[in-house]
Amino acid sequence: MGFLAPIMLVGAIAIAVPIAIHLIGRQRARVVDFAALDFLMATKRRTARKMRLRERLVLLVRALACAAVAIALAKPFTSCERKGPQVTRGPQAAVLVIDDSFASGYVVDGKPWLKHARDEALRILTQLGPEAEVAIVRASEAAEQPTELTRDHLRLRDQLLALEPSARPADTTRALARAAQLLAASSHARKTVFLLSLLAKTGFHGDESPWGKDGPALVPLELRAPEMPNVAITALRADTDPGAGNRGVKLAAEVTNFSAEPAKVELSLAIGERVVARGALELGPGDRKTKPFVAVLPVGARATDASVSLGSDDALAADDRRWVRASLRDEVRVLVVDGDPRTVRHDDEAFYVEQALRPGDRDDTGVVVRVITTEELAGIDPRSRGAAPAIALDDFDVVVLANVPALPAERVALLAAWVRAGGGVLVAPGDRVDPAAYDRTMLPLLPQSLRDPIDTTWGAAPEERASRALHLVKWDADHPIFEQFAKDDASLADANFYKISLLGPTTDTADREVLARFTNGAEALVEATIGNGRTLLFASTLDTDWNDLPMHKGFLPLMQQAVRHLARKHAPADSTEHFVGASIALPTSDLKKLEVRGPDGIGAVFEGDRIAGRSSVRFTKTDKPGAYRVIATDQTGATGDRDELAFVINLDPHGSDLAPAPPAALPTSGISNAAGPADNTRRVELWHALAAAVLLLLLVEGLLVQR
Amino acid sequence: MTVKLDPAQLARLGSLPIKARVIVEGALSGLHRAAMHGSSVEFAEHKEYSPGDELRTIDWKAYAKLDRMYVKQFEQESQLTVYLVLDASASMKFAGGDRICKLEYAGLSLAAIAYLVIQQQDKVGLVACGDRKVETVVPPRARTTHLHDLLGVLDQVMTRGAVGDESPAEALARIAELTRRRRALIVLASDLFDPADETVRALAQLRAQRHDVSVLHVLDPHEREFPYEGLTEFRALESTNRMLVNPASIRRDYLARVTDFLTRCKSTLGNAGVDYHLVSTGEPLEQTLLQLLVARSRLQPSRRAS
């Protein structure tokens with residue numbers, strides 16, 4: 001301890017004053033030689049003791065007060081090690097860059113790291129003083145940033161107090177760049193960036209410094225805990241698992257140990273909110289392992305939300321749970337146009353198609369089939385609809401034209417437009433198909449034009465029919481349609497084709513590909529792309545008129561795979577993973593209202609002008625991880641959950657890696673750093689405390705004297 | 001009507017014998033009947049003469065009638081032996097206001113009693129206590145000249161002043177030895193400030209030995225009223241204790257304790273048969289003497305040594 005004005009310590013001799021007063025006071029007392037003193041001493045010994053004690057206390061308090069006044073005037077001070085950054089008070093520009101990424105929820109000393117950082121930021125804000133122009137820049141990815149510096153410290157304080165960990169990873173580099181922009185617009189000579197960050201290396205990217213030599217001074221605060229171990233679920237995938245039954249799904253949870261110590265974690269799988277499976281994993285330092293789960297979806301549900309949680313007491317809880325949308329095969333809605341309807345079902349093309357796509361008419365086949373006649377197809381065209389009921393093509397993924405006579409050009413145009421928008425069409429000829437008429441109107445839907453069919457058994461004796469029949473060969477086993485078939489799979493290769501349509505020149509389609517051929521070399525199945533949609537042309541019938549394929553077991557998977565391929569339901573699961581902040585496109589055709597509800601029940605409602613005349617809307621309030629429901633109201637007023645549109649939002653896993661950034665990752669401090677290294681000690685003046693002590697002592701003295 | 005003598009004025013009179021005489025005369029002038037009786041010699045029995053008996057005791061009349069020599073035996077009718085005990089310990093030095101101190105008051109009282117006793121041709125002795133270094137004992141005698149000796153010693157004690165912290169209990173024990181089995185009247189003048197109550201016990205013990213015991217419990221009015229005001233430092237007379245106190249804050253407790261002390265003295269000594277008189281140094285001395293004499297005259301003859 002030292003004194004700024006030690007001469008004032010001379011005043012300590014003022015201690016003699018209360019002592020003198022005490023002694024004089026004693027002398028002023030009347031003295032009586034009293035014989036019965038024992039009675040006084042005996043009866044009021046306590047009082048006497050109290051009085052003596054009080055006298056001595058008063059003397060002590062007065063002496064201390066005098067000494068404290070003298071010492072306070074001497075301005076004592078002490079030095080202590082500086083905690084936190086050196087903050088200079090006065091006019092200046094400063095930006096507090098504070099990390100509010102989800103990692104800032106990491107619990108340090110019993111409370112989230114962000115609260116420690118916030119306390120430090122409040123302290124800095126106070127020390128900067130009211131003349132400082134300050135802004136608070138949040139370092140989480142895509143966080144809203146201030147547009148200017150302000151002296152409204154009350155508002156800044158409120159901003160700091162309202163800070164909560166976001167659900168996004170850190171983007172410290174961007175935040176520093178924004179801080180530099182804000183400071184660049186300031187006219188103050190002193191510019192400082194206070195960086196309150198976990199300084200995780202994942203928050204820094206790029207080598208370019210946000211400022212040059214004349215940039216602001218950078219004051220990074222050491223707020224990291226020495227060790228910040230973290231275990232996170234970094235990925236979760238779900239897929240169907242036929243081995244677990246029609247409703248089986250398999251999930252794979254990827255767990256990463258971002259620490260230098262081995263970890264043992266327990267995982268639990270929840271379907272909806274119900275935990276259905278548990279497991280454990282042992283992870284070495286830096287390990288990344290996958291834990292598989294198998295589950296069965298609830299009866300009646302084709303898709304549901306699933307999540308995997310870590311059961312351990314992890315300091316960072318935000319990344320201990322991950323969601324996925326677990327679904328059975330996506331439902332394919334197929335419109336089968338029966339060009340030659342028959343009263344005997346097994347003579348009807350539509351019968352075989354429907355049986356192949358929806359065997360046993362079970363709901364879990366994932367295919368919804370509607371069969372109409374050629375005349376009913378007029379329902380797609382409002383102008384030529386007539387008595388036919390309206391048909392919305394957007395309600396279907398695939399249209400199968402089975403032995404359909406050539407359609408009018410207007411109707412073909414509508415179908416072609418629908419295909420270009422993403423629909424799929426499968427065309428199969430038959431006896432009612434006139435190649436010439438097809439050439440006139442149907443070419444926009446075909447990869448190749450049709451020619452007259454050939455009957456390979458024409459004129460042959462019945463016993464020779466089989467030998468003259470053609471067979472499917474050279475199918476593209478790598479194509480999704482044939483991925484379930486071996487190269488010479490008998491279930492397909494044994495099918496006899498007695499009559500086939502020959503194909504003519506190619507049409508104005510793109511990416512035409514022959515997926516299978518007949519043994520005579522003629523194309524059997526041709527695919528092409530029309531806009532965003534696909535078309536498939538099968539060169540024979542879909543019933544047993546021209547072949548016996550429907551009687552072979554390969555017909556069922558072939559048809560199912562074909563419509564799924566046309567309906568584009570083969571998208572890989574991980575490509576649909578959305579992180580917090582993602583913009584989700586939701587189709588809105590023929591919907592009157594679309595409502596999205598987030599995990600906390602809050603979301604957005606699209607209706608009226610926001611949805612009218614639009615084929616899709618974008619939902620951007622994906623700021624919380626979890627499962628999002630989509631509730632739609634169609635034109636008829638029917639409202640219900642649209643499971644196929646529901647989605648899940650997860651944390652960006654790269655924010656879970658809290659490994660510290662190397663010092664070189666931080667930009668070089670600018671001008672203010674030229675002042676040299678900061679003094680690590682600070683002077684603490686004690687006279688305030690002594691003045692308070694004097695007041696307290698005087699108060700005590702007053703109380704003692706009064707009693 | 002009794003002339004009231006102010007103790008302070010009396011103290012300014014000449015020698016102690018004069019003071020004693022003034023007190024006694026002041027007291028007796030208002031007394032209608034004597035409180036004490038003179039002694040006498042009465043016949044007890046005859047005993048046959050044996051060699052060695054004093055010849056003057058032979059009953060010649062009986063010899064004339066019976067022709068045998070008998071010796072007359074007499075019984076002296078209780079010549080009173082009075083022991084005056086003066087507490088001259090330091091606490092007796094206290095004097096409140098312009099009054100005489102307790103020692104002086106007690107001394108004058110005992111001088112008057114000695115005067116009276118000698119007047120009645122009874123024996124009177126003196127024991128003064130307080131200073132352990134000086135032993136003041138005047139054996140009991142009945143001669144007039146003895147009164148002068150006794151009052152001279154008493155005067156010396158009063159002149160020396162109250163010193164020491166010896167309790168009267170020791171003086172009373174000494175008297176018990178001196179009197180042995182002979183009954184005596186023991187008059188103690190003291191403030192009885194004895195922390196251990198030894199004095200009271202010694203008095204009760206003397207009474208149990210069939211002595212006649214009177215106590216003049218001498219207190220100053222200030223000790224009973226505690227009239228002090230303002231910050232006061234009280235200093236003990238028999239020790240080095242001192243206490244700085246605001247008297248008003250402790251007056252109530254002090255008076256309660258004093259009252260309790262007086263009540264205890266009165267009841268303890270009264271129960272033991274001790275003739276107890278609480279006297280104040282503010283009261284006229286002859287009144288105190290009269291109070292003692294009247295009280296003694298009312299005692300049962302069997303209790304009365306004189």
# chains A, B, ... in the order shown; residues from 1 in each chain; ligands from 1
$ select_by_dssp --residues "segment 93-287 of chain B" --states "strand (DSSP E)" --output "count of residues only"
42
$ residues_around --residues "Leu185 of chain B" --least-positions-apart "5" --cutoff "12 Å" --atoms "only C-alpha atoms" --output "PyMOL selection string"
chain B and resi 78-85+113-114+117+122-126+140+172+175-176+179+203+206-207+209-215+274-275+296+303-306
$ residues_around --residues "Ala106 of chain B" --least-positions-apart "4" --cutoff "9 Å" --atoms "only C-alpha atoms" --output "PyMOL selection string"
chain B and resi 86-87+92+101-102+110-111+188-190+216-218+281
$ write_last_selection --atoms "C-alpha atoms" --output "PDB file, in the first residue's frame"
ATOM      1  CA  LEU B  86     -16.589   0.322  67.859  1.00  0.00           C
ATOM      2  CA  ASP B  87     -16.237  -0.440  64.197  1.00  0.00           C
ATOM      3  CA  MET B  92     -17.009   4.271  58.864  1.00  0.00           C
ATOM      4  CA  CYS B 101     -18.824  10.721  59.775  1.00  0.00           C
ATOM      5  CA  LYS B 102     -20.241   7.440  60.909  1.00  0.00           C
ATOM      6  CA  LEU B 110     -20.632   4.614  72.733  1.00  0.00           C
ATOM      7  CA  ALA B 111     -19.044   7.337  74.897  1.00  0.00           C
ATOM      8  CA  LEU B 188     -21.697  -2.773  68.739  1.00  0.00           C
ATOM      9  CA  ALA B 189     -21.718   0.426  66.723  1.00  0.00           C
ATOM     10  CA  SER B 190     -21.044  -0.384  63.090  1.00  0.00           C
ATOM     11  CA  LEU B 216     -26.312   0.404  66.610  1.00  0.00           C
ATOM     12  CA  HIS B 217     -26.397   0.086  62.874  1.00  0.00           C
ATOM     13  CA  VAL B 218     -24.971   3.418  61.849  1.00  0.00           C
ATOM     14  CA  THR B 281     -25.944  10.047  61.420  1.00  0.00           C
TER      15      THR B 281
END
$ select_by_dssp --residues "segment 87-235 of chain B" --states "alpha helix (DSSP H)" --output "mmCIF file with C-alpha atoms, in the first residue's frame"
data_model
loop_
_atom_site.group_PDB
_atom_site.id
_atom_site.type_symbol
_atom_site.label_atom_id
_atom_site.label_comp_id
_atom_site.auth_asym_id
_atom_site.auth_seq_id
_atom_site.Cartn_x
_atom_site.Cartn_y
_atom_site.Cartn_z
ATOM 1 C CA LYS B 102 -20.241 7.440 60.909
ATOM 2 C CA LEU B 103 -17.189 6.723 63.088
ATOM 3 C CA GLU B 104 -17.628 9.931 64.994
ATOM 4 C CA TYR B 105 -21.309 9.334 65.441
ATOM 5 C CA ALA B 106 -20.733 5.789 66.630
ATOM 6 C CA GLY B 107 -17.928 6.917 68.965
ATOM 7 C CA LEU B 108 -20.049 9.593 70.586
ATOM 8 C CA SER B 109 -22.892 7.149 71.028
ATOM 9 C CA LEU B 110 -20.632 4.614 72.733
ATOM 10 C CA ALA B 111 -19.044 7.337 74.897
ATOM 11 C CA ALA B 112 -22.486 8.311 76.168
ATOM 12 C CA ILE B 113 -23.263 4.688 76.947
ATOM 13 C CA ALA B 114 -19.956 4.316 78.783
ATOM 14 C CA TYR B 115 -20.766 7.391 80.785
ATOM 15 C CA LEU B 116 -24.137 5.971 81.708
ATOM 16 C CA VAL B 117 -22.719 2.592 82.658
ATOM 17 C CA ILE B 118 -20.048 4.055 84.881
ATOM 18 C CA GLN B 119 -22.715 6.255 86.447
ATOM 19 C CA THR B 144 -14.993 6.525 87.666
ATOM 20 C CA THR B 145 -11.387 6.987 86.727
ATOM 21 C CA HIS B 146 -11.771 4.144 84.308
ATOM 22 C CA LEU B 147 -14.310 6.205 82.427
ATOM 23 C CA HIS B 148 -11.678 8.804 81.698
ATOM 24 C CA ASP B 149 -9.248 6.161 80.550
ATOM 25 C CA LEU B 150 -11.831 4.557 78.337
ATOM 26 C CA LEU B 151 -12.997 7.794 76.837
ATOM 27 C CA GLY B 152 -9.385 8.767 76.298
ATOM 28 C CA VAL B 153 -8.789 5.616 74.261
ATOM 29 C CA LEU B 154 -12.027 6.177 72.435
ATOM 30 C CA ASP B 155 -10.959 9.699 71.634
ATOM 31 C CA GLN B 156 -7.673 8.414 70.275
ATOM 32 C CA VAL B 157 -9.461 5.993 68.013
ATOM 33 C CA MET B 158 -11.766 8.681 66.712
ATOM 34 C CA THR B 159 -8.875 11.053 66.250
ATOM 35 C CA ARG B 160 -6.923 8.411 64.356
ATOM 36 C CA PRO B 168 -16.107 -6.365 63.831
ATOM 37 C CA ALA B 169 -16.576 -10.128 63.779
ATOM 38 C CA GLU B 170 -13.032 -10.623 64.992
ATOM 39 C CA ALA B 171 -13.521 -8.129 67.829
ATOM 40 C CA LEU B 172 -16.695 -9.902 68.835
ATOM 41 C CA ALA B 173 -14.874 -13.219 68.900
ATOM 42 C CA ARG B 174 -12.290 -11.651 71.127
ATOM 43 C CA ILE B 175 -15.018 -10.490 73.526
ATOM 44 C CA ALA B 176 -16.461 -13.968 73.585
ATOM 45 C CA GLU B 177 -13.081 -15.160 74.817
ATOM 46 C CA LEU B 178 -12.762 -12.400 77.384
ATOM 47 C CA THR B 179 -16.158 -12.869 78.938
ATOM 48 C CA GLU B 198 -19.484 -12.426 59.373
ATOM 49 C CA THR B 199 -20.444 -9.691 61.808
ATOM 50 C CA VAL B 200 -24.083 -10.631 61.810
ATOM 51 C CA ARG B 201 -23.194 -14.258 62.398
ATOM 52 C CA ALA B 202 -20.817 -13.367 65.218
ATOM 53 C CA LEU B 203 -23.524 -11.277 66.872
ATOM 54 C CA ALA B 204 -25.992 -14.122 66.615
ATOM 55 C CA GLN B 205 -23.393 -16.453 68.090
ATOM 56 C CA LEU B 206 -22.810 -14.144 71.066
ATOM 57 C CA ARG B 207 -26.503 -14.034 71.608
ATOM 58 C CA ALA B 208 -26.579 -17.782 71.549
ATOM 59 C CA PRO B 221 -28.560 9.276 55.008
ATOM 60 C CA HIS B 222 -26.684 9.430 51.700
ATOM 61 C CA GLU B 223 -26.124 5.737 51.897
ATOM 62 C CA ARG B 224 -29.845 5.144 52.265
ATOM 63 C CA GLU B 225 -31.076 7.729 49.806
#
$ closest_residue --among "A:Ile136, A:Ala664, A:Val353, A:Leu698" --to "Leu64 of chain A" --atoms "only C-alpha atoms"
A:Leu698
$ interface_residues --of "chain A" --to "chain B" --cutoff "6 Å" --atoms "only C-alpha atoms" --output "MDAnalysis selection string"
chainID A and resid 29:35 37
$ decode --residues "segment 72-101 of chain B" --atoms "N, CA and C atoms" --output "PDB file, in the first residue's frame"
ATOM      1  N   LYS B  72     -21.641 -17.095 106.269  1.00  0.00           N
ATOM      2  CA  LYS B  72     -22.713 -16.586 105.385  1.00  0.00           C
ATOM      3  C   LYS B  72     -22.172 -16.470 103.937  1.00  0.00           C
ATOM      4  N   GLN B  73     -22.870 -17.046 103.112  1.00  0.00           N
ATOM      5  CA  GLN B  73     -22.477 -16.902 101.695  1.00  0.00           C
ATOM      6  C   GLN B  73     -23.438 -15.947 100.984  1.00  0.00           C
ATOM      7  N   PHE B  74     -22.891 -14.967 100.213  1.00  0.00           N
ATOM      8  CA  PHE B  74     -23.722 -13.967  99.520  1.00  0.00           C
ATOM      9  C   PHE B  74     -23.628 -14.153  97.990  1.00  0.00           C
ATOM     10  N   GLU B  75     -24.621 -13.697  97.404  1.00  0.00           N
ATOM     11  CA  GLU B  75     -24.646 -13.748  95.923  1.00  0.00           C
ATOM     12  C   GLU B  75     -24.718 -12.320  95.401  1.00  0.00           C
ATOM     13  N   GLN B  76     -23.751 -11.940  94.655  1.00  0.00           N
ATOM     14  CA  GLN B  76     -23.762 -10.571  94.114  1.00  0.00           C
ATOM     15  C   GLN B  76     -24.865 -10.455  93.079  1.00  0.00           C
ATOM     16  N   GLU B  77     -25.629  -9.394  93.099  1.00  0.00           N
ATOM     17  CA  GLU B  77     -26.760  -9.256  92.186  1.00  0.00           C
ATOM     18  C   GLU B  77     -26.273  -8.668  90.849  1.00  0.00           C
ATOM     19  N   SER B  78     -25.706  -9.504  90.041  1.00  0.00           N
ATOM     20  CA  SER B  78     -25.342  -9.220  88.635  1.00  0.00           C
ATOM     21  C   SER B  78     -24.840  -7.803  88.397  1.00  0.00           C
ATOM     22  N   GLN B  79     -23.621  -7.526  88.728  1.00  0.00           N
ATOM     23  CA  GLN B  79     -23.017  -6.248  88.329  1.00  0.00           C
ATOM     24  C   GLN B  79     -22.782  -6.319  86.826  1.00  0.00           C
ATOM     25  N   LEU B  80     -23.268  -5.324  86.136  1.00  0.00           N
ATOM     26  CA  LEU B  80     -23.288  -5.365  84.666  1.00  0.00           C
ATOM     27  C   LEU B  80     -21.886  -5.139  84.092  1.00  0.00           C
ATOM     28  N   THR B  81     -21.551  -6.006  83.157  1.00  0.00           N
ATOM     29  CA  THR B  81     -20.308  -5.808  82.400  1.00  0.00           C
ATOM     30  C   THR B  81     -20.691  -5.463  80.961  1.00  0.00           C
ATOM     31  N   VAL B  82     -20.255  -4.327  80.590  1.00  0.00           N
ATOM     32  CA  VAL B  82     -20.639  -3.853  79.249  1.00  0.00           C
ATOM     33  C   VAL B  82     -19.394  -3.755  78.370  1.00  0.00           C
ATOM     34  N   TYR B  83     -19.486  -4.363  77.225  1.00  0.00           N
ATOM     35  CA  TYR B  83     -18.401  -4.243  76.223  1.00  0.00           C
ATOM     36  C   TYR B  83     -18.907  -3.364  75.088  1.00  0.00           C
ATOM     37  N   LEU B  84     -18.161  -2.306  74.897  1.00  0.00           N
ATOM     38  CA  LEU B  84     -18.511  -1.430  73.766  1.00  0.00           C
ATOM     39  C   LEU B  84     -17.583  -1.791  72.599  1.00  0.00           C
ATOM     40  N   VAL B  85     -18.196  -2.062  71.490  1.00  0.00           N
ATOM     41  CA  VAL B  85     -17.396  -2.430  70.307  1.00  0.00           C
ATOM     42  C   VAL B  85     -17.598  -1.346  69.250  1.00  0.00           C
ATOM     43  N   LEU B  86     -16.523  -0.745  68.853  1.00  0.00           N
ATOM     44  CA  LEU B  86     -16.589   0.322  67.859  1.00  0.00           C
ATOM     45  C   LEU B  86     -15.954  -0.160  66.554  1.00  0.00           C
ATOM     46  N   ASP B  87     -16.759  -0.101  65.545  1.00  0.00           N
ATOM     47  CA  ASP B  87     -16.237  -0.440  64.197  1.00  0.00           C
ATOM     48  C   ASP B  87     -15.515   0.785  63.663  1.00  0.00           C
ATOM     49  N   ALA B  88     -14.188   0.715  63.622  1.00  0.00           N
ATOM     50  CA  ALA B  88     -13.404   1.853  63.126  1.00  0.00           C
ATOM     51  C   ALA B  88     -12.766   1.528  61.780  1.00  0.00           C
ATOM     52  N   SER B  89     -13.423   0.652  61.040  1.00  0.00           N
ATOM     53  CA  SER B  89     -12.886   0.334  59.710  1.00  0.00           C
ATOM     54  C   SER B  89     -13.113   1.513  58.772  1.00  0.00           C
ATOM     55  N   ALA B  90     -12.451   1.461  57.633  1.00  0.00           N
ATOM     56  CA  ALA B  90     -12.429   2.633  56.744  1.00  0.00           C
ATOM     57  C   ALA B  90     -13.815   3.040  56.276  1.00  0.00           C
ATOM     58  N   SER B  91     -14.719   2.090  56.151  1.00  0.00           N
ATOM     59  CA  SER B  91     -16.057   2.434  55.656  1.00  0.00           C
ATOM     60  C   SER B  91     -16.784   3.372  56.611  1.00  0.00           C
ATOM     61  N   MET B  92     -16.352   3.406  57.881  1.00  0.00           N
ATOM     62  CA  MET B  92     -17.009   4.271  58.864  1.00  0.00           C
ATOM     63  C   MET B  92     -16.592   5.736  58.696  1.00  0.00           C
ATOM     64  N   LYS B  93     -15.643   5.947  57.801  1.00  0.00           N
ATOM     65  CA  LYS B  93     -15.153   7.301  57.573  1.00  0.00           C
ATOM     66  C   LYS B  93     -16.163   8.129  56.765  1.00  0.00           C
ATOM     67  N   PHE B  94     -17.106   7.419  56.103  1.00  0.00           N
ATOM     68  CA  PHE B  94     -18.006   8.108  55.180  1.00  0.00           C
ATOM     69  C   PHE B  94     -18.896   9.119  55.899  1.00  0.00           C
ATOM     70  N   ALA B  95     -18.987  10.299  55.284  1.00  0.00           N
ATOM     71  CA  ALA B  95     -19.880  11.336  55.810  1.00  0.00           C
ATOM     72  C   ALA B  95     -20.534  12.015  54.625  1.00  0.00           C
ATOM     73  N   GLY B  96     -21.816  11.944  54.561  1.00  0.00           N
ATOM     74  CA  GLY B  96     -22.529  12.587  53.466  1.00  0.00           C
ATOM     75  C   GLY B  96     -22.858  14.019  53.822  1.00  0.00           C
ATOM     76  N   GLY B  97     -22.679  14.882  52.849  1.00  0.00           N
ATOM     77  CA  GLY B  97     -22.987  16.302  53.091  1.00  0.00           C
ATOM     78  C   GLY B  97     -22.088  16.861  54.188  1.00  0.00           C
ATOM     79  N   ASP B  98     -22.658  17.694  55.094  1.00  0.00           N
ATOM     80  CA  ASP B  98     -21.830  18.307  56.145  1.00  0.00           C
ATOM     81  C   ASP B  98     -22.037  17.609  57.484  1.00  0.00           C
ATOM     82  N   ARG B  99     -22.501  16.392  57.409  1.00  0.00           N
ATOM     83  CA  ARG B  99     -22.708  15.639  58.655  1.00  0.00           C
ATOM     84  C   ARG B  99     -21.379  15.073  59.131  1.00  0.00           C
ATOM     85  N   ILE B 100     -21.425  14.645  60.433  1.00  0.00           N
ATOM     86  CA  ILE B 100     -20.225  13.997  60.958  1.00  0.00           C
ATOM     87  C   ILE B 100     -20.168  12.605  60.381  1.00  0.00           C
ATOM     88  N   CYS B 101     -18.954  12.040  60.376  1.00  0.00           N
ATOM     89  CA  CYS B 101     -18.824  10.721  59.775  1.00  0.00           C
ATOM     90  C   CYS B 101     -19.412   9.677  60.719  1.00  0.00           C
TER      91      CYS B 101
END
